[in-house]
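In what follows, a single structure is set out as structure tokens and then discussed.
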Amino acid sequence: MSSLSFNFAPDFRPLAARMRPRTIAEYIGQAHLLGEGQPLRKALEAGRAHSMMLWGPPGTGKTTLAELIAHYSNAHVERISAVTSGVKDIRAAIEQAKAVAESRGQRTLLFVDEVHRFNKSQQDAFLPFIEDGTVIFIGATTENPSFEINNALLSRARVYLIKRLSHDEIAHIVTQALSDTERGLGQRQFVMPTDVLTTLAQLCDGDARKALNLIELMSDMLIDGGTFTTDMLIQVAGHQVAGFDKNGDQFYDLISAVHKSIRGSAPDAALYWFCRILEGGGDPLYVARRLLAIASEDVGNADPAAMTIALNAWDCFHRVGPAEGERAIAQAIVYLASAPKSNAVYTAFKAARELARDTGQVEVPHHLRNAPTQLMKDIGMGAGYRYAHDEANAYASGENYFPESLQTAQFYFPTERGFEKRIKDKLAQLAQLDQASEHKRYE
């Protein structure tokens, strides 16, 4: 257990700690929470604080935000980490909060890092002291609070989403650290080329602490006035930087290789390229998003379960975190690569979209229109529509659902592969019913 403070000895603090924002004006990112006019910013500037849960990736400013809240609220701070603490530490923090309230008349902000690691009983231990105002509770978590935090605790703390920092925000933080002569590296007058800064921002994937740590490691390799290089970044970041180049082209090449391997039904190759992305420091959720596109574009109705598998992998990553989540994405990759393939829906959608673009002025036939009023019914809207469920086999054979001028249009041509063969057979049966209906019409 330790107190948050801004009074560290600068000679011993790492760069990331020295550059921690001291005011809202110095805080970079989270404009949706701390931008001008936002409710949380107004509350802080007014010195008001409330219990909250800060949910977001590592290095995005959760601890810093807690410090700022304490600073603006003039609150005493107690900090515990769920990684190393237990109920005994919780009780000690509460007792300290009570002592501070009695001796100094000051409220205590209790910051709990990695709060999702506490079990139910440990989380419940906070409840009475949040309710009676003993502490302002701030929990930080990288996991979805909906799944990891007790409902009772969630109901007493507002959840704020802390977003991953953008590449521009990371670049801004790094540039600020290199120019700040008081807390940063400004006195050493380093040169940061644009291409190295871009690669660094891509590599850090929204983690400001990681970016500043890498800058500090590289600075140890330079004399004053020296220039940062990509080779130096590779040395301090290790293999992670290998997956990126200054334009991001190699990353997108790897994504393309994953996609084409899955399309080509090569699960081993698809896994290899996915692992190349991971080893290069790439975002596994980017791959998860691409899998959804692949499930629709390349697997389609040959295996309708493919989209569900891809969605489940994405959801699993959010629920259990990177280690197990990456394996779930790998499972989805193998499934999609091994599944029967069809781009019939993809092709049909493109063709239908093109025709819709060219015939956007063609009216909807009267029998397909909605008729919610008597007047609309009187002028023929909805007249002649056949309710399919009342027809034999729940199919209105011979019915036309296109405008008259387009009634012969066809976009979807199912394949003979996987589940889509069953769809093809069903559509063929319905076509025979339509032909039979057509013959009866002319008899």
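Labels used: A, B, ... for chains in the order of the structure tokens, numbers from 1 for residues in each chain, and numbers from 1 for ligands as shown.
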Shell of 7 Å around stretch 19-36 of chain A, only C-alpha atoms, local chain residues under 5 positions omitted, as a PDB file with N, CA and C atoms, in the first residue's frame:
ATOM      1  N   ARG A  41     -14.710  16.635 -16.550  1.00  0.00           N
ATOM      2  CA  ARG A  41     -13.770  17.757 -16.401  1.00  0.00           C
ATOM      3  C   ARG A  41     -14.379  18.851 -15.525  1.00  0.00           C
ATOM      4  N   THR A  64      -2.909   8.036 -13.802  1.00  0.00           N
ATOM      5  CA  THR A  64      -2.725   9.488 -13.857  1.00  0.00           C
ATOM      6  C   THR A  64      -4.038  10.212 -13.610  1.00  0.00           C
ATOM      7  N   LEU A  68      -4.979  12.937 -10.712  1.00  0.00           N
ATOM      8  CA  LEU A  68      -5.538  14.264 -10.972  1.00  0.00           C
ATOM      9  C   LEU A  68      -6.821  14.484 -10.173  1.00  0.00           C
ATOM     10  N   ILE A 162     -11.714   4.293 -20.792  1.00  0.00           N
ATOM     11  CA  ILE A 162     -10.451   4.964 -21.111  1.00  0.00           C
ATOM     12  C   ILE A 162      -9.948   4.386 -22.430  1.00  0.00           C
ATOM     13  N   LYS A 163      -9.920   5.200 -23.451  1.00  0.00           N
ATOM     14  CA  LYS A 163      -9.627   4.717 -24.798  1.00  0.00           C
ATOM     15  C   LYS A 163      -8.123   4.612 -25.055  1.00  0.00           C
ATOM     16  N   LEU A 165      -4.787   5.328 -26.744  1.00  0.00           N
ATOM     17  CA  LEU A 165      -4.310   6.583 -27.320  1.00  0.00           C
ATOM     18  C   LEU A 165      -4.032   6.424 -28.809  1.00  0.00           C
ATOM     19  N   GLU A 169      -1.554  11.084 -30.622  1.00  0.00           N
ATOM     20  CA  GLU A 169      -1.430  11.402 -29.200  1.00  0.00           C
ATOM     21  C   GLU A 169      -0.137  10.840 -28.622  1.00  0.00           C
ATOM     22  N   ALA A 177       7.967  15.007 -24.182  1.00  0.00           N
ATOM     23  CA  ALA A 177       9.028  14.517 -23.300  1.00  0.00           C
ATOM     24  C   ALA A 177      10.410  14.922 -23.809  1.00  0.00           C
ATOM     25  N   ARG A 183      11.325  18.324 -16.741  1.00  0.00           N
ATOM     26  CA  ARG A 183      11.046  16.945 -16.327  1.00  0.00           C
ATOM     27  C   ARG A 183      11.450  15.922 -17.374  1.00  0.00           C
ATOM     28  N   GLY A 184      11.605  16.350 -18.606  1.00  0.00           N
ATOM     29  CA  GLY A 184      11.890  15.434 -19.697  1.00  0.00           C
ATOM     30  C   GLY A 184      13.351  15.409 -20.103  1.00  0.00           C
TER      31      GLY A 184
END
Close residues, A:Gln123 itself excluded, 10 Å, only C-alpha atoms, min 6 positions apart in chain, as a list in words: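 The residues that qualify are Ala82, Val87, Ile90, Val115, His116, Arg117, Ile149, Asn150, Ala152 and Leu153 of chain A.
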With only C-alpha atoms counted and 12 Å as the cut-off, give the residues of stretch 291-406 of chain A in contact with stretch 46-62 of chain A, each with its shortest interatomic distance in Å and the pair that gives it, as a tab-separated table.
residue	atom	partner	partner_atom	distance
A:His318	CA	A:Pro57	CA	11.1
A:Gly321	CA	A:Pro57	CA	10.5
A:Pro322	CA	A:Pro57	CA	11.2
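Note that atom CA of A:Leu212 and atom CA of A:Leu15 are 6.3 Å apart.
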Any idea what's packed within 7 Å of stretch 199-207 of chain A, counting only C-alpha atoms, ignoring anything in its chain fewer than 2 positions away? Could you give it as a list in words?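 So the residues in contact are Pro58, Gly59, Thr60, Arg164, Leu165, Ser166, His167, Ile170, Ala171, Asp195, Val196, Leu197, Arg209, Lys210, Ala211, Val241, Asp245, Lys246 and Gly281 of chain A.
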Dump as a short mmCIF file (atom, residue, chain, number, x, y, z; two decimals), in the first residue's frame, selection limited to C-alpha atoms:
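selection_19.cif written:
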data_model
loop_
_atom_site.label_atom_id
_atom_site.label_comp_id
_atom_site.auth_asym_id
_atom_site.auth_seq_id
_atom_site.Cartn_x
_atom_site.Cartn_y
_atom_site.Cartn_z
CA PRO A 58 -2.44 -0.44 -20.17
CA GLY A 59 -0.58 2.85 -20.44
CA THR A 60 -3.60 4.97 -21.34
CA ARG A 164 -6.40 3.56 -26.40
CA LEU A 165 -4.31 6.58 -27.32
CA SER A 166 -4.07 7.42 -31.00
CA HIS A 167 -0.77 7.44 -32.90
CA ILE A 170 1.51 9.06 -28.61
CA ALA A 171 3.65 11.19 -30.91
CA ASP A 195 9.82 8.09 -39.62
CA VAL A 196 11.22 6.84 -36.29
CA LEU A 197 8.49 8.66 -34.36
CA ARG A 209 4.16 4.38 -20.75
CA LYS A 210 5.70 1.93 -23.22
CA ALA A 211 6.57 4.76 -25.62
CA VAL A 241 9.41 -3.83 -34.12
CA ASP A 245 7.92 -0.56 -41.24
CA LYS A 246 7.72 3.20 -41.37
CA GLY A 281 3.55 -6.45 -31.81
#
